[in-house]
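*Asks:* Okay, handing you the structure first.
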Amino acid sequence: MKMSASETSKVLKEGELEKRSDNLLQFWKRKTCVLTADSLNIYADTQKTKGKEIKLQSIKKVDCVERTGKFLYFTIVTSDNKEIDFRCSGEDNCWNAVITMALIDFQNRKAIQDFKTRQEPENTIPSPQERRMGRAP
């Protein structure tokens, strides 16, 4: 699906999230995150170097939202069923909602694009007059 440069570069939300590490001890590590119209970018530092990109097309859902006294926890489930756990402080509790809304918007744009792509071949069917003219005598 093609999007304009302004759509893909538009920052929907930027700030800090904590991501649970994949290793055995599963420490929570603070990350700088940038959500755009087509991806969630996760950086190890505020300089935005050495980052990881999660494309919205590879996200199946945002799941398991739980609130404790200090944090809001949520999980991003990818299309290959990998679960990535995040948490944010109480005042930044809308990350999960913003990611979910970006995912819905992305899926809607993709569905519209797919529909338009399927409609294009129908528009190339010749009219009855064109078919008659193309017929051999």
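Within each chain, counting starts at residue 1; across the structure tokens, chains are named A, B, ... in the order shown, with ligands numbered 1 upward in that order.
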For region 67-77 of chain A, please output as an MDAnalysis selection string all residues within 9 Å (counting only C-alpha atoms; exclusion window: fewer than 4 positions along the same chain).
*Replies:* chainID A and resid 58:63 81:94 96
*Asks:* Determine which residues of region 14-121 of chain A DSSP labels as strand (DSSP E or B) from the backbone of this structure, then write them out as a JSON list (two decimals) with C-alpha atoms, in the first residue's frame.
*Replies:*
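Written file, states.json:
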```json
[["chain", "number", "residue", "atom", "x", "y", "z"],
["A", 14, "GLU", "CA", 6.21, 10.54, 20.67],
["A", 15, "GLY", "CA", 7.51, 9.84, 24.16],
["A", 16, "GLU", "CA", 8.74, 7.20, 26.54],
["A", 17, "LEU", "CA", 7.47, 3.69, 27.05],
["A", 18, "GLU", "CA", 8.94, 0.85, 29.03],
["A", 19, "LYS", "CA", 9.41, -2.42, 27.12],
["A", 20, "ARG", "CA", 9.86, -5.78, 28.78],
["A", 28, "TRP", "CA", 11.64, -3.32, 32.02],
["A", 29, "LYS", "CA", 13.75, -0.95, 29.90],
["A", 30, "ARG", "CA", 12.84, 2.66, 29.14],
["A", 31, "LYS", "CA", 12.58, 3.35, 25.41],
["A", 32, "THR", "CA", 11.93, 6.42, 23.31],
["A", 33, "CYS", "CA", 9.03, 5.63, 20.99],
["A", 34, "VAL", "CA", 7.67, 7.37, 17.91],
["A", 35, "LEU", "CA", 4.34, 6.30, 16.43],
["A", 36, "THR", "CA", 3.72, 7.29, 12.80],
["A", 39, "SER", "CA", 4.91, 2.11, 12.19],
["A", 40, "LEU", "CA", 5.94, 2.17, 15.83],
["A", 41, "ASN", "CA", 9.64, 3.00, 16.13],
["A", 42, "ILE", "CA", 11.40, 2.02, 19.34],
["A", 43, "TYR", "CA", 14.77, 3.54, 20.21],
["A", 51, "GLY", "CA", 16.05, 1.60, 16.73],
["A", 52, "LYS", "CA", 13.57, -1.14, 15.99],
["A", 53, "GLU", "CA", 10.59, -0.60, 13.71],
["A", 54, "ILE", "CA", 7.30, -2.44, 14.09],
["A", 55, "LYS", "CA", 5.23, -1.90, 10.94],
["A", 59, "ILE", "CA", 0.52, -5.87, 14.14],
["A", 60, "LYS", "CA", -2.47, -8.12, 14.70],
["A", 61, "LYS", "CA", -3.83, -6.34, 17.80],
["A", 62, "VAL", "CA", -3.12, -4.40, 20.98],
["A", 63, "ASP", "CA", -4.14, -6.61, 23.87],
["A", 64, "CYS", "CA", -4.06, -7.27, 27.61],
["A", 65, "VAL", "CA", -4.54, -3.76, 28.94],
["A", 66, "GLU", "CA", -4.21, -3.70, 32.72],
["A", 67, "ARG", "CA", -3.91, -0.76, 35.09],
["A", 71, "PHE", "CA", 1.42, 1.80, 35.39],
["A", 72, "LEU", "CA", -0.79, 0.84, 32.50],
["A", 73, "TYR", "CA", 0.34, -2.43, 30.83],
["A", 74, "PHE", "CA", -0.44, -3.56, 27.29],
["A", 75, "THR", "CA", 0.77, -6.11, 24.77],
["A", 76, "ILE", "CA", 1.27, -5.76, 21.03],
["A", 77, "VAL", "CA", 0.58, -9.05, 19.25],
["A", 78, "THR", "CA", 2.24, -9.33, 15.83],
["A", 83, "GLU", "CA", 3.93, -10.72, 22.04],
["A", 84, "ILE", "CA", 5.74, -7.51, 22.98],
["A", 85, "ASP", "CA", 4.93, -6.16, 26.44],
["A", 86, "PHE", "CA", 4.90, -2.46, 27.25],
["A", 87, "ARG", "CA", 4.00, -0.29, 30.19],
["A", 88, "CYS", "CA", 3.63, 3.44, 30.65],
["A", 89, "SER", "CA", 3.10, 5.67, 33.63]]
```
*Asks:* Choose the residue, out of A:Leu24, A:Leu56, A:Ala44, A:Lys10, that has the smallest atom-to-atom separation from Met101 (chain A); count only C-alpha atoms.
*Replies:*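 Among the listed residues, the smallest separation from Met101 (chain A) belongs to A:Leu56.
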*Asks:* Pick out the residues sitting within 8 Å of Phe106 (chain A), and hand them over as a PyMOL selection string; count only C-alpha atoms, and ignore anything fewer than 5 positions along from it in its own chain.
*Replies:* chain A and resi 37-38+56-57
*Asks:* When you draw a straight line from CA of Phe27 (chain A) to CA of Thr46 (chain A), how long is it in Å?
*Replies:*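 About the pair CA of Phe27 (chain A) and CA of Thr46 (chain A): they are 19.1 Å apart.
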*Asks:* What does the structure give for the distance between CA of Gln107 (chain A) and CA of Ser79 (chain A), in Å to one decimal?
*Replies:*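 That distance, rounded to one decimal, is 13.3 Å.
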*Asks:* Pick out the closest residue to Val11 (chain A) from this set: A:Gln47, A:Ala111, A:Ala102, A:Ala97. Count only C-alpha atoms.
*Replies:* A:Ala102
*Asks:* What does the structure give for the distance between CA of Leu103 (chain A) and CA of Lys13 (chain A), in Å to one decimal?
*Replies:*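 Separation between CA of Leu103 (chain A) and CA of Lys13 (chain A): 13.1 Å.
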